[in-house]
Structure formats: C-alpha cells, structure tokens
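As stored in run02.cif (mmCIF, C-alpha atoms and all ligand atoms):
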```
data_query
loop_
_atom_site.label_atom_id
_atom_site.label_comp_id
_atom_site.auth_asym_id
_atom_site.auth_seq_id
_atom_site.Cartn_x
_atom_site.Cartn_y
_atom_site.Cartn_z
CA MET A 28 116.09 107.48 69.36
CA PRO A 29 113.87 107.91 72.46
CA GLY A 30 111.43 110.23 70.66
CA ASN A 31 110.68 107.65 68.03
CA LEU A 32 110.47 104.86 70.59
CA ASP A 33 108.08 106.93 72.71
CA THR A 34 105.78 107.22 69.71
CA GLN A 35 106.07 103.53 68.94
CA ALA A 36 105.40 102.56 72.56
CA ARG A 37 102.26 104.70 72.69
CA SER A 38 101.03 103.29 69.39
CA ILE A 39 101.51 99.73 70.65
CA LEU A 40 99.36 100.48 73.68
CA LYS A 41 96.72 102.15 71.53
CA GLU A 42 96.72 99.36 68.95
CA ASN A 43 96.42 96.64 71.60
CA ASP A 44 93.54 98.53 73.24
CA LEU A 45 90.37 96.61 72.45
CA GLY A 46 88.09 99.23 74.04
CA GLY A 47 88.82 99.90 77.70
CA TYR A 48 91.09 96.91 78.11
CA THR A 49 94.43 96.07 76.54
CA ILE A 50 95.63 92.72 75.27
CA PRO A 51 99.30 91.76 75.74
CA THR A 52 99.87 91.22 72.00
CA ARG A 53 97.79 90.35 68.95
CA GLY A 54 97.50 86.65 68.07
CA LEU A 55 99.33 85.02 70.96
CA TYR A 56 97.37 86.59 73.86
CA PRO A 57 93.96 87.93 72.76
CA TYR A 58 92.45 88.58 76.22
CA GLN A 59 92.98 90.83 79.23
CA TRP A 60 95.71 89.54 81.55
CA ASN A 61 95.93 90.70 85.15
CA TRP A 62 99.47 91.89 85.81
CA ASP A 63 99.91 92.90 82.18
CA SER A 64 97.02 95.33 82.66
CA ALA A 65 98.59 96.77 85.79
CA PHE A 66 101.84 97.59 83.99
CA VAL A 67 99.91 98.79 80.95
CA ALA A 68 97.94 101.18 83.16
CA ARG A 69 101.20 102.63 84.46
CA GLY A 70 102.29 103.08 80.83
CA PHE A 71 99.04 104.84 79.91
CA GLN A 72 99.44 107.07 82.94
CA THR A 73 102.41 108.76 81.22
CA PHE A 74 100.23 110.16 78.44
CA ASP A 75 96.56 109.40 79.17
CA PRO A 76 95.78 109.04 82.91
CA ASP A 77 92.06 108.68 82.31
CA ARG A 78 92.70 105.60 80.15
CA ALA A 79 95.03 104.26 82.87
CA TRP A 80 92.18 104.22 85.40
CA THR A 81 89.88 102.54 82.90
CA GLU A 82 92.37 99.68 82.42
CA ILE A 83 92.26 98.84 86.12
CA GLU A 84 88.49 99.29 86.31
CA THR A 85 87.83 96.87 83.45
CA LEU A 86 90.17 94.33 85.05
CA PHE A 87 88.10 94.49 88.23
CA GLU A 88 84.92 93.77 86.26
CA GLY A 89 86.21 90.21 86.36
CA GLN A 90 86.56 90.11 90.17
CA TRP A 91 84.89 87.16 91.89
CA ASP A 92 82.56 87.38 94.90
CA ASP A 93 85.28 85.86 97.09
CA GLY A 94 87.60 88.77 96.20
CA MET A 95 89.84 86.97 93.70
CA VAL A 96 90.85 88.93 90.61
CA PRO A 97 91.48 86.34 87.92
CA HIS A 98 94.55 86.09 85.77
CA ILE A 99 92.59 86.31 82.51
CA VAL A 100 89.30 88.04 81.71
CA PHE A 101 87.77 86.45 78.61
CA ARG A 102 85.49 89.07 77.09
CA LYS A 103 84.83 87.14 73.91
CA ASP A 104 85.84 83.64 72.95
CA ASP A 105 88.88 83.77 70.67
CA PRO A 106 89.97 80.49 69.09
CA SER A 107 93.53 81.75 68.67
CA TYR A 108 94.26 81.06 72.39
CA PHE A 109 94.25 77.80 74.33
CA PRO A 110 92.99 77.09 76.96
CA GLY A 111 89.91 79.29 76.51
CA PRO A 112 86.92 79.91 78.79
CA SER A 113 85.23 76.53 78.28
CA VAL A 114 88.33 74.65 79.49
CA TRP A 115 88.48 76.76 82.65
CA GLY A 116 84.75 76.30 83.29
CA THR A 117 84.60 78.95 86.00
CA LYS A 118 80.89 79.72 85.46
CA GLN A 119 81.38 83.46 86.04
CA ALA A 120 78.94 85.89 84.39
CA LEU A 121 81.95 87.49 82.72
CA PRO A 122 84.07 84.42 81.83
CA THR A 123 87.49 84.31 83.48
CA SER A 124 90.26 81.90 84.36
CA GLY A 125 90.19 80.26 87.80
CA HIS A 126 93.23 81.62 89.64
CA SER A 127 94.98 84.93 90.05
CA GLN A 128 98.29 86.54 89.06
CA PRO A 129 100.90 88.76 90.78
CA PRO A 130 99.05 91.69 92.44
CA VAL A 131 100.89 94.69 91.03
CA VAL A 132 97.65 96.70 90.89
CA ALA A 133 97.76 98.43 94.31
CA THR A 134 101.25 99.76 93.58
CA VAL A 135 100.17 101.11 90.21
CA VAL A 136 96.95 102.59 91.61
CA ARG A 137 98.96 104.42 94.24
CA ASP A 138 101.35 105.71 91.55
CA ILE A 139 98.55 106.96 89.33
CA TYR A 140 96.67 108.47 92.24
CA GLU A 141 99.72 110.26 93.66
CA ALA A 142 100.61 111.68 90.25
CA ASP A 143 97.33 113.66 90.34
CA ARG A 144 95.38 113.25 93.57
CA GLU A 145 92.58 115.55 92.62
CA ALA A 146 91.83 113.88 89.30
CA GLY A 147 92.22 110.36 90.70
CA GLU A 148 90.63 110.58 94.13
CA ALA A 149 87.14 109.29 93.32
CA ARG A 150 88.41 106.45 91.16
CA ALA A 151 91.07 105.38 93.66
CA ARG A 152 88.51 105.45 96.47
CA ALA A 153 86.11 103.30 94.44
CA LEU A 154 88.86 100.76 93.73
CA PHE A 155 90.18 100.66 97.29
CA PRO A 156 87.68 98.17 98.82
CA LYS A 157 87.98 95.92 95.78
CA ILE A 158 91.76 95.77 96.02
CA LEU A 159 91.51 95.23 99.77
CA ALA A 160 89.17 92.25 99.18
CA TRP A 161 91.61 90.81 96.68
CA HIS A 162 94.60 91.10 99.01
CA ARG A 163 92.52 89.59 101.80
CA TRP A 164 91.77 86.67 99.47
CA PHE A 165 95.52 86.15 98.90
CA HIS A 166 96.29 86.15 102.61
CA ARG A 167 93.42 83.79 103.38
CA TYR A 168 93.66 81.27 100.54
CA ARG A 169 97.26 81.42 99.40
CA ASP A 170 98.69 81.55 102.92
CA PRO A 171 96.21 79.40 104.83
CA ASP A 172 98.70 78.67 107.63
CA GLY A 173 99.65 82.31 108.16
CA LEU A 174 103.33 81.78 107.33
CA GLY A 175 103.72 85.22 105.76
CA VAL A 176 104.48 83.79 102.31
CA VAL A 177 102.20 83.52 99.27
CA ALA A 178 101.69 80.21 97.48
CA VAL A 179 100.68 79.65 93.88
CA ILE A 180 98.39 76.81 92.87
CA HIS A 181 99.48 76.91 89.23
CA PRO A 182 102.67 78.05 87.45
CA TRP A 183 100.42 80.43 85.47
CA GLU A 184 99.38 82.08 88.73
CA SER A 185 103.00 83.09 89.37
CA GLY A 186 103.30 84.65 85.91
CA ARG A 187 106.70 82.91 85.64
CA ASP A 188 105.21 79.92 83.91
CA ASN A 189 108.03 77.47 83.28
CA THR A 190 110.71 78.70 85.67
CA PRO A 191 112.90 75.82 86.92
CA ASP A 192 111.49 76.70 90.37
CA TRP A 193 108.43 74.63 89.48
CA ASP A 194 110.20 71.60 87.96
CA GLY A 195 110.39 69.63 91.21
CA PRO A 196 106.91 70.39 92.62
CA MET A 197 105.28 69.79 89.20
CA GLN A 198 106.40 66.17 89.34
CA ALA A 199 103.55 65.60 91.81
CA VAL A 200 100.93 66.52 89.18
CA ASP A 201 99.32 63.43 87.66
CA THR A 202 98.71 63.80 83.91
CA SER A 203 97.26 60.34 83.24
CA ASN A 204 93.73 61.70 82.64
CA ILE A 205 94.67 64.45 80.21
CA LYS A 206 92.68 64.23 76.98
CA PRO A 207 94.30 65.12 73.66
CA TYR A 208 94.46 68.88 73.05
CA VAL A 209 95.87 71.30 70.52
CA ARG A 210 98.16 74.06 71.69
CA LYS A 211 97.86 77.43 69.96
CA ASP A 212 100.90 79.21 71.39
CA THR A 213 103.36 77.17 69.34
CA SER A 214 101.59 78.17 66.12
CA HIS A 215 102.18 81.87 66.88
CA VAL A 216 105.80 81.71 68.06
CA ASP A 217 108.83 79.44 67.81
CA PRO A 218 108.18 76.35 69.98
CA SER A 219 111.79 76.35 71.18
CA MET A 220 110.97 79.58 73.04
CA ARG A 221 107.91 78.13 74.79
CA PRO A 222 107.23 75.61 77.58
CA LEU A 223 107.44 71.91 76.73
CA LYS A 224 104.50 69.55 76.12
CA ALA A 225 105.24 67.88 79.47
CA ASP A 226 104.76 71.29 81.10
CA TYR A 227 101.48 71.92 79.27
CA ASP A 228 100.12 68.49 80.26
CA ARG A 229 100.63 69.42 83.88
CA TYR A 230 99.25 72.94 83.42
CA LEU A 231 96.05 71.40 82.07
CA ALA A 232 95.90 68.74 84.77
CA ILE A 233 95.83 71.49 87.42
CA VAL A 234 93.10 73.33 85.51
CA ASP A 235 91.09 70.06 85.44
CA PHE A 236 91.64 69.71 89.17
CA GLY A 237 90.46 73.28 89.86
CA ARG A 238 87.38 72.81 87.70
CA SER A 239 86.57 69.56 89.54
CA CYS A 240 86.60 71.55 92.83
CA GLY A 241 84.25 74.15 91.30
CA TRP A 242 87.22 76.54 91.82
CA ASP A 243 86.36 76.70 95.51
CA ALA A 244 89.35 78.60 96.92
CA ALA A 245 89.50 76.74 100.26
CA ARG A 246 89.33 73.32 98.61
CA VAL A 247 91.91 74.26 96.03
CA ALA A 248 94.30 75.49 98.75
CA ARG A 249 93.80 72.30 100.75
CA ASP A 250 94.01 69.69 98.00
CA CYS A 251 95.82 71.10 94.96
CA PRO A 252 98.76 68.81 94.11
CA PHE A 253 100.82 71.93 93.39
CA PHE A 254 101.09 74.46 96.23
CA VAL A 255 104.37 76.32 96.22
CA ALA A 256 105.36 79.48 98.10
CA ASP A 257 106.77 81.88 95.54
CA PRO A 258 109.23 84.71 96.26
CA GLY A 259 107.80 86.62 93.27
CA MET A 260 104.25 86.57 94.62
CA THR A 261 105.32 87.08 98.20
CA PHE A 262 107.42 90.18 97.43
CA ILE A 263 104.98 91.68 94.95
CA LEU A 264 102.13 91.31 97.45
CA LEU A 265 104.24 92.69 100.30
CA ARG A 266 105.08 95.74 98.19
CA ALA A 267 101.44 96.07 97.13
CA ASP A 268 100.30 95.81 100.76
CA ARG A 269 102.57 98.73 101.65
CA ASP A 270 101.06 100.78 98.83
CA LEU A 271 97.56 99.77 99.84
CA LEU A 272 98.38 100.85 103.39
CA ALA A 273 99.40 104.28 102.08
CA LEU A 274 96.04 104.52 100.29
CA ALA A 275 94.19 103.39 103.42
CA GLN A 276 95.91 106.14 105.40
CA ALA A 277 95.17 108.75 102.74
CA PHE A 278 91.48 107.77 102.77
CA GLY A 279 91.14 107.50 106.57
CA GLU A 280 90.44 103.77 106.39
CA ASP A 281 91.75 103.02 109.89
CA GLU A 282 90.45 99.50 110.32
CA ALA A 283 91.78 98.42 106.96
CA ALA A 284 95.11 100.06 107.77
CA GLN A 285 95.36 97.99 110.93
CA GLU A 286 94.63 94.77 109.05
CA ILE A 287 97.11 95.56 106.27
CA GLY A 288 99.77 96.48 108.83
CA GLU A 289 99.48 92.98 110.29
CA TRP A 290 99.92 91.38 106.85
CA ILE A 291 103.06 93.43 106.30
CA GLU A 292 104.60 92.44 109.63
CA ARG A 293 103.89 88.77 109.01
CA ALA A 294 105.40 88.86 105.52
CA GLU A 295 108.54 90.67 106.63
CA THR A 296 109.49 87.88 108.99
CA GLY A 297 107.87 85.05 107.01
CA ALA A 298 109.72 85.75 103.77
CA ILE A 299 113.12 85.50 105.42
CA ARG A 300 112.19 82.56 107.60
CA HIS A 301 110.57 80.46 104.88
CA LEU A 302 112.09 81.56 101.57
CA TRP A 303 115.71 82.36 102.35
CA SER A 304 118.15 79.60 101.51
CA ASP A 305 121.57 79.74 103.17
CA GLU A 306 122.75 77.10 100.77
CA VAL A 307 121.83 79.08 97.65
CA GLU A 308 122.37 82.44 99.37
CA GLY A 309 119.17 83.80 97.96
CA PHE A 310 115.39 83.79 98.14
CA VAL A 311 113.98 80.65 96.57
CA SER A 312 110.55 79.04 96.39
CA ARG A 313 109.35 76.47 98.90
CA ASP A 314 107.23 73.45 98.01
CA LEU A 315 104.63 73.63 100.78
CA ARG A 316 103.38 70.10 100.14
CA LYS A 317 106.81 68.64 100.81
CA ASN A 318 108.10 71.54 102.93
CA LYS A 319 111.16 71.69 100.74
CA LEU A 320 113.20 74.69 99.60
CA MET A 321 114.13 74.90 95.92
CA ASP A 322 117.72 75.29 94.83
CA GLY A 323 118.24 78.12 92.36
CA ILE A 324 118.32 81.88 91.90
CA SER A 325 115.69 83.49 89.69
CA SER A 326 114.96 87.12 88.88
CA ALA A 327 112.23 86.96 91.56
CA SER A 328 114.96 86.46 94.17
CA PHE A 329 115.90 90.12 93.65
CA LEU A 330 112.43 91.50 94.43
CA SER A 331 112.93 91.59 98.20
CA VAL A 332 114.35 95.11 97.96
CA TYR A 333 111.30 96.22 95.93
CA ALA A 334 109.21 94.68 98.72
CA GLY A 335 110.99 96.97 101.18
CA ILE A 336 112.86 94.25 103.07
CA ALA A 337 115.73 96.17 104.64
CA ASP A 338 117.65 93.24 106.05
CA GLU A 339 121.40 93.76 105.93
CA ARG A 340 122.42 90.12 105.70
CA THR A 341 120.10 89.15 102.84
CA ASN A 342 120.62 92.44 101.00
CA ALA A 343 124.40 92.04 101.09
CA ALA A 344 124.16 88.45 99.82
CA LEU A 345 121.81 89.53 97.03
CA ALA A 346 124.17 92.31 96.01
CA ARG A 347 126.91 89.67 95.63
CA GLN A 348 124.59 87.49 93.55
CA PHE A 349 123.68 90.49 91.42
CA ASP A 350 127.33 91.26 90.73
CA ARG A 351 128.16 87.64 89.94
CA ILE A 352 125.28 87.41 87.43
CA ALA A 353 126.11 90.86 86.04
CA GLU A 354 129.54 89.55 85.05
CA LYS A 355 128.05 86.58 83.22
CA ALA A 356 125.06 88.14 81.47
CA THR A 357 125.38 90.76 78.77
CA TYR A 358 121.90 91.99 79.72
CA LEU A 359 120.31 91.89 83.18
CA MET A 360 118.30 90.41 84.81
CA PRO A 361 118.06 86.87 83.44
CA SER A 362 114.97 85.10 84.75
CA TRP A 363 117.19 82.20 85.80
CA ASP A 364 120.78 82.00 87.00
CA PRO A 365 122.99 81.81 83.88
CA GLU A 366 125.51 79.64 85.74
CA ASP A 367 122.92 76.98 86.55
CA SER A 368 122.60 73.94 84.27
CA ARG A 369 118.84 74.55 83.79
CA PHE A 370 119.40 77.99 82.23
CA GLU A 371 118.16 78.37 78.62
CA HIS A 372 118.68 81.84 77.21
CA LEU A 373 115.64 81.86 74.91
CA ARG A 374 113.12 79.56 76.58
CA TYR A 375 110.55 81.81 78.20
CA TRP A 376 110.96 81.98 82.01
CA ARG A 377 114.06 79.73 82.10
CA GLY A 378 116.56 82.46 81.27
CA PRO A 379 115.24 85.38 79.20
CA VAL A 380 115.04 88.94 80.50
CA TRP A 381 111.54 90.33 81.12
CA ALA A 382 111.24 94.11 81.08
CA VAL A 383 108.48 94.16 83.70
CA VAL A 384 110.56 92.25 86.22
CA ASN A 385 113.46 94.61 85.51
CA SER A 386 111.19 97.58 86.21
CA MET A 387 110.42 96.21 89.68
CA ILE A 388 114.01 95.23 90.51
CA GLY A 389 115.27 98.60 89.28
CA ARG A 390 112.68 100.53 91.23
CA GLY A 391 113.50 98.65 94.43
CA LEU A 392 117.23 99.29 94.05
CA LEU A 393 116.67 102.95 93.32
CA GLU A 394 114.45 103.41 96.35
CA ALA A 395 117.04 101.62 98.50
CA GLY A 396 119.74 104.04 97.27
CA ASP A 397 121.67 101.42 95.28
CA PHE A 398 122.02 103.76 92.32
CA ALA A 399 124.71 101.91 90.37
CA ARG A 400 122.86 98.58 90.26
CA ALA A 401 119.56 100.35 89.59
CA GLU A 402 121.12 102.15 86.65
CA ARG A 403 122.59 98.96 85.21
CA ILE A 404 119.11 97.40 85.21
CA ARG A 405 117.49 100.45 83.63
CA ALA A 406 120.19 100.91 81.00
CA ASP A 407 120.13 97.22 80.03
CA THR A 408 116.35 97.35 79.65
CA ALA A 409 116.65 100.43 77.45
CA ARG A 410 119.41 98.87 75.33
CA LEU A 411 117.34 95.74 74.77
CA ILE A 412 114.34 97.74 73.59
CA GLU A 413 116.46 100.06 71.45
CA THR A 414 118.21 97.14 69.76
CA SER A 415 115.48 94.53 69.52
CA GLY A 416 112.18 96.41 69.70
CA PHE A 417 109.20 95.84 71.97
CA ALA A 418 109.53 92.07 72.29
CA GLU A 419 107.81 89.87 74.86
CA TYR A 420 111.23 88.94 76.34
CA TYR A 421 114.94 88.97 75.42
CA SER A 422 117.99 86.77 75.49
CA PRO A 423 120.33 87.92 78.29
CA VAL A 424 123.20 86.57 76.17
CA THR A 425 122.61 88.04 72.70
CA GLY A 426 119.91 90.63 73.39
CA ALA A 427 117.68 89.11 70.69
CA GLY A 428 113.96 89.69 71.13
CA ALA A 429 111.79 86.57 71.51
CA GLY A 430 108.20 85.40 71.88
CA GLY A 431 105.46 87.81 70.75
CA GLY A 432 106.17 91.23 69.20
CA ALA A 433 104.58 94.68 69.68
CA PHE A 434 104.14 93.70 73.30
CA SER A 435 102.06 95.93 75.57
CA TRP A 436 103.88 95.59 78.87
CA THR A 437 107.28 96.10 77.24
CA ALA A 438 105.95 99.28 75.60
CA ALA A 439 104.62 100.41 78.99
CA VAL A 440 107.95 99.72 80.71
CA TRP A 441 109.69 101.85 78.11
CA LEU A 442 107.40 104.76 78.91
CA PHE A 443 107.48 104.62 82.70
CA PHE A 444 110.90 103.12 83.48
CA ALA A 445 113.49 102.47 80.78
CA ARG A 446 113.56 105.64 78.60
C1 LIG A 501 102.41 84.28 79.87
O1 LIG A 501 101.46 83.38 80.39
C2 LIG A 501 100.33 82.87 79.65
C3 LIG A 501 99.44 82.14 80.64
O2 LIG A 501 99.00 83.00 81.64
C4 LIG A 501 100.66 81.93 78.52
O3 LIG A 501 101.83 81.60 78.31
O4 LIG A 501 99.73 81.50 77.84
C5 LIG A 501 103.29 84.73 81.06
O5 LIG A 501 104.46 85.37 80.61
C6 LIG A 501 102.50 85.66 81.98
O6 LIG A 501 103.32 86.17 83.00
C7 LIG A 501 101.86 86.80 81.20
O7 LIG A 501 101.01 87.54 82.05
C8 LIG A 501 101.05 86.28 79.99
C9 LIG A 501 100.56 87.41 79.08
O8 LIG A 501 101.60 88.29 78.75
O9 LIG A 501 101.84 85.40 79.21
#
```

Represent the structure of the file as structure tokens.
Ligand code: 2M8
Amino acid sequence: MPGNLDTQARSILKENDLGGYTIPTRGLYPYQWNWDSAFVARGFQTFDPDRAWTEIETLFEGQWDDGMVPHIVFRKDDPSYFPGPSVWGTKQALPTSGHSQPPVVATVVRDIYEADREAGEARARALFPKILAWHRWFHRYRDPDGLGVVAVIHPWESGRDNTPDWDGPMQAVDTSNIKPYVRKDTSHVDPSMRPLKADYDRYLAIVDFGRSCGWDAARVARDCPFFVADPGMTFILLRADRDLLALAQAFGEDEAAQEIGEWIERAETGAIRHLWSDEVEGFVSRDLRKNKLMDGISSASFLSVYAGIADERTNAALARQFDRIAEKATYLMPSWDPEDSRFEHLRYWRGPVWAVVNSMIGRGLLEAGDFARAERIRADTARLIETSGFAEYYSPVTGAGAGGGAFSWTAAVWLFFAR
C-alpha cells in the first residue's frame, strides 16, 4: 500500500528530526551522520523542500576550517552511542568525529535546486563554496598522489564499515594499546548483525591514531596504517563532482568549473587504471600502503555507472556480474558477492542490501538507459520495504529486515526512489 507507506516514511523523517537535523534512528544512532543527512534531505525534498535545505545547512555547521565535513556531528553528548565526542577528541567548537563520509551532498543539492531553482537559488549559492572546499579537501588529502581515486583512512569513512574489502588492509592496524571499552551498538541490536570485536578494536585503534596526530589531514594521509582506495568513495565523489560542475556552470563560477573539470578527468582514467581488476572482472578496492588490489565484488563495484563512467568493456563485464548475482540473490543488490565465502546475509556490510546503495545503482542504470536492470533494483527495494518495513538493511536471501528500525535513510529512499 504505497499511500500508507508514504505516510509512514514521512512520519519516520519527522520523528527522527531533532530540530533542523535528523538522526538515522533512535537509540542506535543518536547524532547527525553525513551521508544519511544527504539522503534524508532528498527525502524531505519530496514533501518539504525548505526542511531539505535546512538538513544540509546544519550538516555544514560541522565543517572544519580545512574544508572537511565530518562523518558525525555531535550536538549533545548521548551516552547511548559509542564512541562519543570525547573519544574522538577533535577539539572542534561544535564537536564532531575526525574523518568524513561519502560525499553525496553535491548530488542532492543539485537535485533539490533543480526541482525549484527560484526557491533554492540563494541557499544553493551559499552552500556552493562550502561543498567546493570539501571536495577540494578530498582530492588533496584522500588522493595525495593524484591517482584519481579516493582513499579512506577508516572503514567508517567509507560508510561500508565491515565490508570484506577492509579485512586484508585492517590486519596492519595494531590493537595492542587499546584500553577496555564498552560497545553500545550490540545492546541496541542483535550482535550477530554487527561487526565483530576484532573489527571494533581496530576501528578504535585508528581513532586513537588520528587523535594522536591532532587529526591533521596531511599527517593522517601520510602515516595512517589504513589507507585504502575505495570504489564507493571514488565513484560517489566523481558523480558529486559532475553535479558540482553543473552548479558551478549555473552560477557562473568559471574558475571553480575549470578545477572541477580537472578532477573529473583524473578520476575517469584513475578509477579504471587503479580499481579495475581483470581477475575479479569488477571494480575493487586497492590497499595503497601495499599497492595491492582486493579480490571481491561488492555493491560499490556497481557505482561506476552512477559515476558516469561510460566505458564499454567495464560496463559489459559489470552487466554480466549483475546478472550472475541477480540469479543467486532473491533481492538485489547484496553488499557482498553471495557466491564468495565471506558473504554473510545478515551481518551488516558483508552481505545485506542497503536501500541507499540501491538508489544510487538504480539511478545510474536508469540514466545509462539500462531500464531492465534499473527496474529490478527499484522493484526489489520496494518489495523489501513493503514486506519488512523501514529497516536499516535487509537480507538479500530472505528479505528480513535487520539492524535498527524506523530508519531515516530507508524512509527517504522510499519517497524519492523506490515507491
Ligand atoms: C553505520 O556506521 C556507524 C559508524 O559511522 C556505526 O556503525 O556506528 C554505517 O552503516 C554508516 O554507513 C551509516 O552512515 C551509519 C548511520 O546510519 O551507520
């Protein structure tokens, strides 16, 4: 019943709105998360565009002087989440975490602006230089060698926290100095659907490392034990750069347009050169410390089309991968290849379907004219929500909802993509 689900989706967004910013879900995630807010803004745009702009504006209140927009903005300390602001120790006036998250914002800002240029012009223009500074920060500090790919310094930065992509590179993270700590996530949801303790130890060790560098972006990029080029980040930023370029052109920002154009060119060649694996026949991550390609297909592998990469060879191979996985999975797109031994259908980013990733894959396919595959992704997303509600993520095997409930970005995806 779409009508009923529309109402439910809007109520979830309204109920998770803590006053100008939206939390992902009550209990488990009580703060403002970066890419969650971007998708949420796109959801609000469908019924309250003014509120959509506010979501992005409050996120940018957490922007650092160096341009970085952090992955969490901590407006008030909430003991129900760990690690909180004191563990991050970023010393920002408005407390935040110390690294970023996938930059979906420029794409969403362009969408909201183009839906009503007159109403959005002033707000889009005010955000433009801030988004430009953020993208510049990514190109400078997450691609210090100008390879045209974007690295993450922490699995949390990628947003795909415990994907098997990180298993190898995370071995380099020393956890011998980790002090005892109490996780909160496993008291809100079933621990079998969350990362392992060994993962958390390493997550915290990287946070300790960042804090010990005073979160200086250049030092972190140079010395962080974990520095892995991520297809998810690379494609999301490439797409966002294209959308930022469109805004630059609309606003007569010629110098910025020139700079952004160069980023786009570099990423178009860099992504294929550094992230394509002939062995896997897909885009994979690359450990930049060891200069080693990873060996599995994730849902991020399918974002190259969304990024506008119109390369016949890689697109044809990805279409074959899509069809192979589509035969195995009841619901697309599993976050990890269901035929790989590391696949776990309910453990977070090691198998489950995430509606936000589907919205990007589906959009890319639609724009590229691959209507049948785009429709399979949309219809599967809709079926999951219709059957299992607005869950954080879903089993690609059974369709069961998992993780947190009444989840903001899933509600948003219903409103702007799946319905
Ligand atoms: C998850 O990540 C957070 C850490 O950032 C966590 O597990 O504590 C991820 O799914 C991430 O992509 C998402 O933005 C966040 C909030 O929904 O939760």

Set the cut-off to 8 Å, count only C-alpha atoms and all ligand atoms, and list whatever residues fall near ligand LIG 501 (chain A) as a short mmCIF file (atom, residue, chain, number, x, y, z; two decimals) with C-alpha atoms, in the coordinates of the input.
```
data_model
loop_
_atom_site.label_atom_id
_atom_site.label_comp_id
_atom_site.auth_asym_id
_atom_site.auth_seq_id
_atom_site.Cartn_x
_atom_site.Cartn_y
_atom_site.Cartn_z
CA PRO A 51 99.30 91.76 75.74
CA THR A 52 99.87 91.22 72.00
CA LEU A 55 99.33 85.02 70.96
CA TYR A 56 97.37 86.59 73.86
CA TRP A 60 95.71 89.54 81.55
CA ASN A 61 95.93 90.70 85.15
CA TRP A 62 99.47 91.89 85.81
CA ASP A 63 99.91 92.90 82.18
CA HIS A 98 94.55 86.09 85.77
CA ILE A 99 92.59 86.31 82.51
CA TYR A 108 94.26 81.06 72.39
CA PHE A 109 94.25 77.80 74.33
CA GLN A 128 98.29 86.54 89.06
CA TRP A 183 100.42 80.43 85.47
CA GLU A 184 99.38 82.08 88.73
CA SER A 185 103.00 83.09 89.37
CA GLY A 186 103.30 84.65 85.91
CA ARG A 187 106.70 82.91 85.64
CA ASP A 188 105.21 79.92 83.91
CA ASP A 212 100.90 79.21 71.39
CA ARG A 221 107.91 78.13 74.79
CA TYR A 375 110.55 81.81 78.20
CA TRP A 376 110.96 81.98 82.01
CA GLU A 419 107.81 89.87 74.86
CA TRP A 436 103.88 95.59 78.87
#
```

(request) Counting all atoms listed in the file, write as a PyMOL selection string all protein and nucleic acid residues lying at most 8 Å from (104.2, 66.0, 84.5) in the file's frame. (result) chain A and resi 197-202+225-226+228-229

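Comparing A:Val311, A:Ala267, A:Ala439, A:Ile139 by their smallest distance to A:Asn43, the closest is A:Ala439 (using all atoms listed in the file).
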
(message) Considering all atoms listed in the file, can you say which of A:Thr341, A:Ser325, A:Thr425, A:Thr408 comes closest to A:Pro191?
(response)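 Ranked by minimum distance to A:Pro191, first place goes to A:Ser325.
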
(request) Would you list the contacts of A:Gly432 as a ChimeraX atom specification, taking every protein, DNA or RNA residue within 12 Å and counting all atoms listed in the file, but skipping same-chain residues closer than 6 positions in sequence? (result) /A:36,39,43,51-56,215-216,412,415-421,438
